[in-house]
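Visitor: Input file: protein_5.txt. Contents: compact mmCIF, C-alpha atoms.
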```txt
# COMPACT_ATOMS: atom_id res chain seq x y z
CA MET A 12 -78.75 -3.58 82.77
CA VAL A 13 -77.84 -6.83 84.48
CA ILE A 14 -75.43 -7.28 87.34
CA ARG A 15 -74.03 -10.81 87.51
CA TRP A 16 -73.02 -12.32 90.85
CA LYS A 17 -69.83 -14.39 90.58
CA LEU A 18 -69.36 -15.83 94.08
CA ALA A 19 -69.54 -19.41 92.78
CA VAL A 20 -66.86 -18.63 90.18
CA MET A 21 -64.57 -17.02 92.75
CA MET A 22 -65.00 -19.94 95.12
CA ALA A 23 -64.21 -22.43 92.36
CA GLU A 24 -61.12 -20.48 91.29
CA ARG A 25 -59.87 -20.53 94.86
CA ASN A 26 -60.96 -24.13 95.47
CA ILE A 27 -62.86 -23.17 98.61
CA SER A 28 -65.95 -24.94 99.93
CA ASN A 29 -69.09 -23.43 101.44
CA LYS A 30 -68.00 -24.68 104.86
CA GLU A 31 -64.49 -23.21 104.57
CA LEU A 32 -65.85 -19.85 103.43
CA ALA A 33 -68.38 -19.88 106.26
CA VAL A 34 -65.56 -20.34 108.78
CA LEU A 35 -63.46 -17.57 107.18
CA THR A 36 -66.35 -15.10 107.09
CA GLY A 37 -68.09 -16.04 110.33
CA MET A 38 -71.26 -16.62 108.34
CA ASN A 39 -73.59 -19.61 108.41
CA ALA A 40 -72.83 -22.26 105.75
CA ARG A 41 -76.47 -22.08 104.59
CA SER A 42 -76.10 -18.36 104.01
CA ILE A 43 -73.00 -19.01 101.91
CA SER A 44 -74.90 -21.64 99.95
CA ARG A 45 -77.77 -19.23 99.23
CA LEU A 46 -75.35 -16.52 98.15
CA LYS A 47 -73.41 -18.94 95.98
CA VAL A 48 -76.36 -20.11 93.89
CA ARG A 49 -77.42 -16.59 92.89
CA ARG A 50 -76.64 -15.74 89.31
CA ARG A 51 -78.15 -12.27 89.25
CA PHE A 52 -77.25 -9.75 91.85
CA THR A 53 -80.14 -8.42 93.87
CA ARG A 54 -78.95 -7.00 97.17
CA ILE A 55 -76.19 -7.55 99.70
CA ASP A 56 -75.22 -5.89 102.96
CA GLU A 57 -71.96 -3.98 103.08
CA SER A 58 -70.74 -6.11 105.99
CA THR A 59 -71.41 -9.32 104.02
CA LEU A 60 -69.59 -8.03 100.96
CA ASP A 61 -66.71 -6.89 103.19
CA ALA A 62 -66.45 -10.33 104.83
CA LEU A 63 -66.52 -12.12 101.47
CA CYS A 64 -63.86 -9.84 99.98
CA LYS A 65 -61.58 -10.27 103.00
CA ALA A 66 -61.98 -14.07 103.02
CA LEU A 67 -61.51 -14.43 99.25
CA LYS A 68 -58.82 -11.72 99.07
CA CYS A 69 -60.62 -9.95 96.26
CA GLN A 70 -62.27 -6.67 95.35
CA PRO A 71 -66.07 -6.18 95.11
CA GLY A 72 -65.63 -5.85 91.33
CA ASP A 73 -64.34 -9.42 91.26
CA LEU A 74 -67.70 -10.61 92.60
CA LEU A 75 -69.95 -8.29 90.57
CA VAL A 76 -70.00 -7.90 86.80
CA TYR A 77 -72.11 -5.31 84.99
CA GLU A 78 -73.53 -6.31 81.60
CA GLU A 79 -75.65 -4.29 79.19
CA ASP A 80 -79.06 -5.66 78.22
CA LYS A 81 -78.77 -7.94 75.23
CA LEU A 82 -81.92 -6.56 73.62
CA ASP A 83 -81.48 -4.83 70.29
CA THR A 84 -82.01 -1.09 70.85
CA LYS A 85 -82.52 -0.11 67.17
```
Hey, can you dump this file as structure tokens for me?

Guide:
Amino acid sequence: MVIRWKLAVMMAERNISNKELAVLTGMNARSISRLKVRRRFTRIDESTLDALCKALKCQPGDLLVYEEDKLDTK
């Protein structure tokens, strides 16, 4: 199982910069940058996810995508 983190995709789709998202969420721009470069989802606080969803006007499922392992299970 792999959970993909799509913050960078969402930000690009909405044409929003790290700085703009930091202002909207009340987070530090460096924190946004660190979150943005993740490709695999590891862990996130509920309050952070809530702030991102409110600022980007999206659902948590828009930021997280579940994918099955690509290994052959035969």

Visitor: Report the distance between atom CA of A:Lys30 and atom CA of A:Ile14 in Å, rounded to one decimal place.

Guide: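 Separating atom CA of A:Lys30 from atom CA of A:Ile14 is a distance of 25.8 Å.
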
Visitor: With all atoms listed in the file as the atoms that count, which of A:Glu57, A:Leu67, A:Ala62, A:Arg45 lies nearest to A:Asn26?

Guide: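 Among A:Glu57, A:Leu67, A:Ala62, A:Arg45, it is A:Leu67 that comes nearest to A:Asn26.
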
Visitor: Would you mind reading off the distance between atom CA of A:Lys17 and atom CA of A:Pro71, one decimal, in Å?

Guide: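 For atom CA of A:Lys17 relative to atom CA of A:Pro71, the distance reads 10.1 Å.
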
Visitor: Pick from A:Val20, A:Tyr77, A:Met12, A:Leu63: nearest to A:Val48, with all atoms listed in the file counted?

Guide: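 Result for the nearest residue to A:Val48: A:Val20.
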
Visitor: Taking (-62.8, -11.3, 105.3) in the coordinates of the supplied file, I want to know which residues reach to within 12 Å of it, counting only C-alpha atoms; could you give the answer as a list in words?

Guide: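 Residues satisfying the cut-off, written out: Leu32, Ala33, Val34, Leu35, Thr36, Gly37, Met38, Glu57, Ser58, Thr59, Leu60, Asp61, Ala62, Leu63, Cys64, Lys65, Ala66, Leu67, Lys68, Cys69, Gln70 and Pro71 of chain A.
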
Visitor: Enter the distance from atom CA of A:Leu18 to atom CA of A:Gly72, in Å, rounded to one decimal.

Guide: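 According to the coordinates, atom CA of A:Leu18 and atom CA of A:Gly72 are separated by 11.0 Å.
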
Visitor: Could you work out an axis-aligned bounding box for all listed atoms of stretch 66-77 of chain A, with 8 Å added on each of the six sides, and give its centre and edge lengths in Å to one decimal, as AutoDock Vina command-line options?

Guide:
```
--center_x -65.5 --center_y -9.9 --center_z 94.0 --size_x 29.3 --size_y 25.1 --size_z 34.0
```
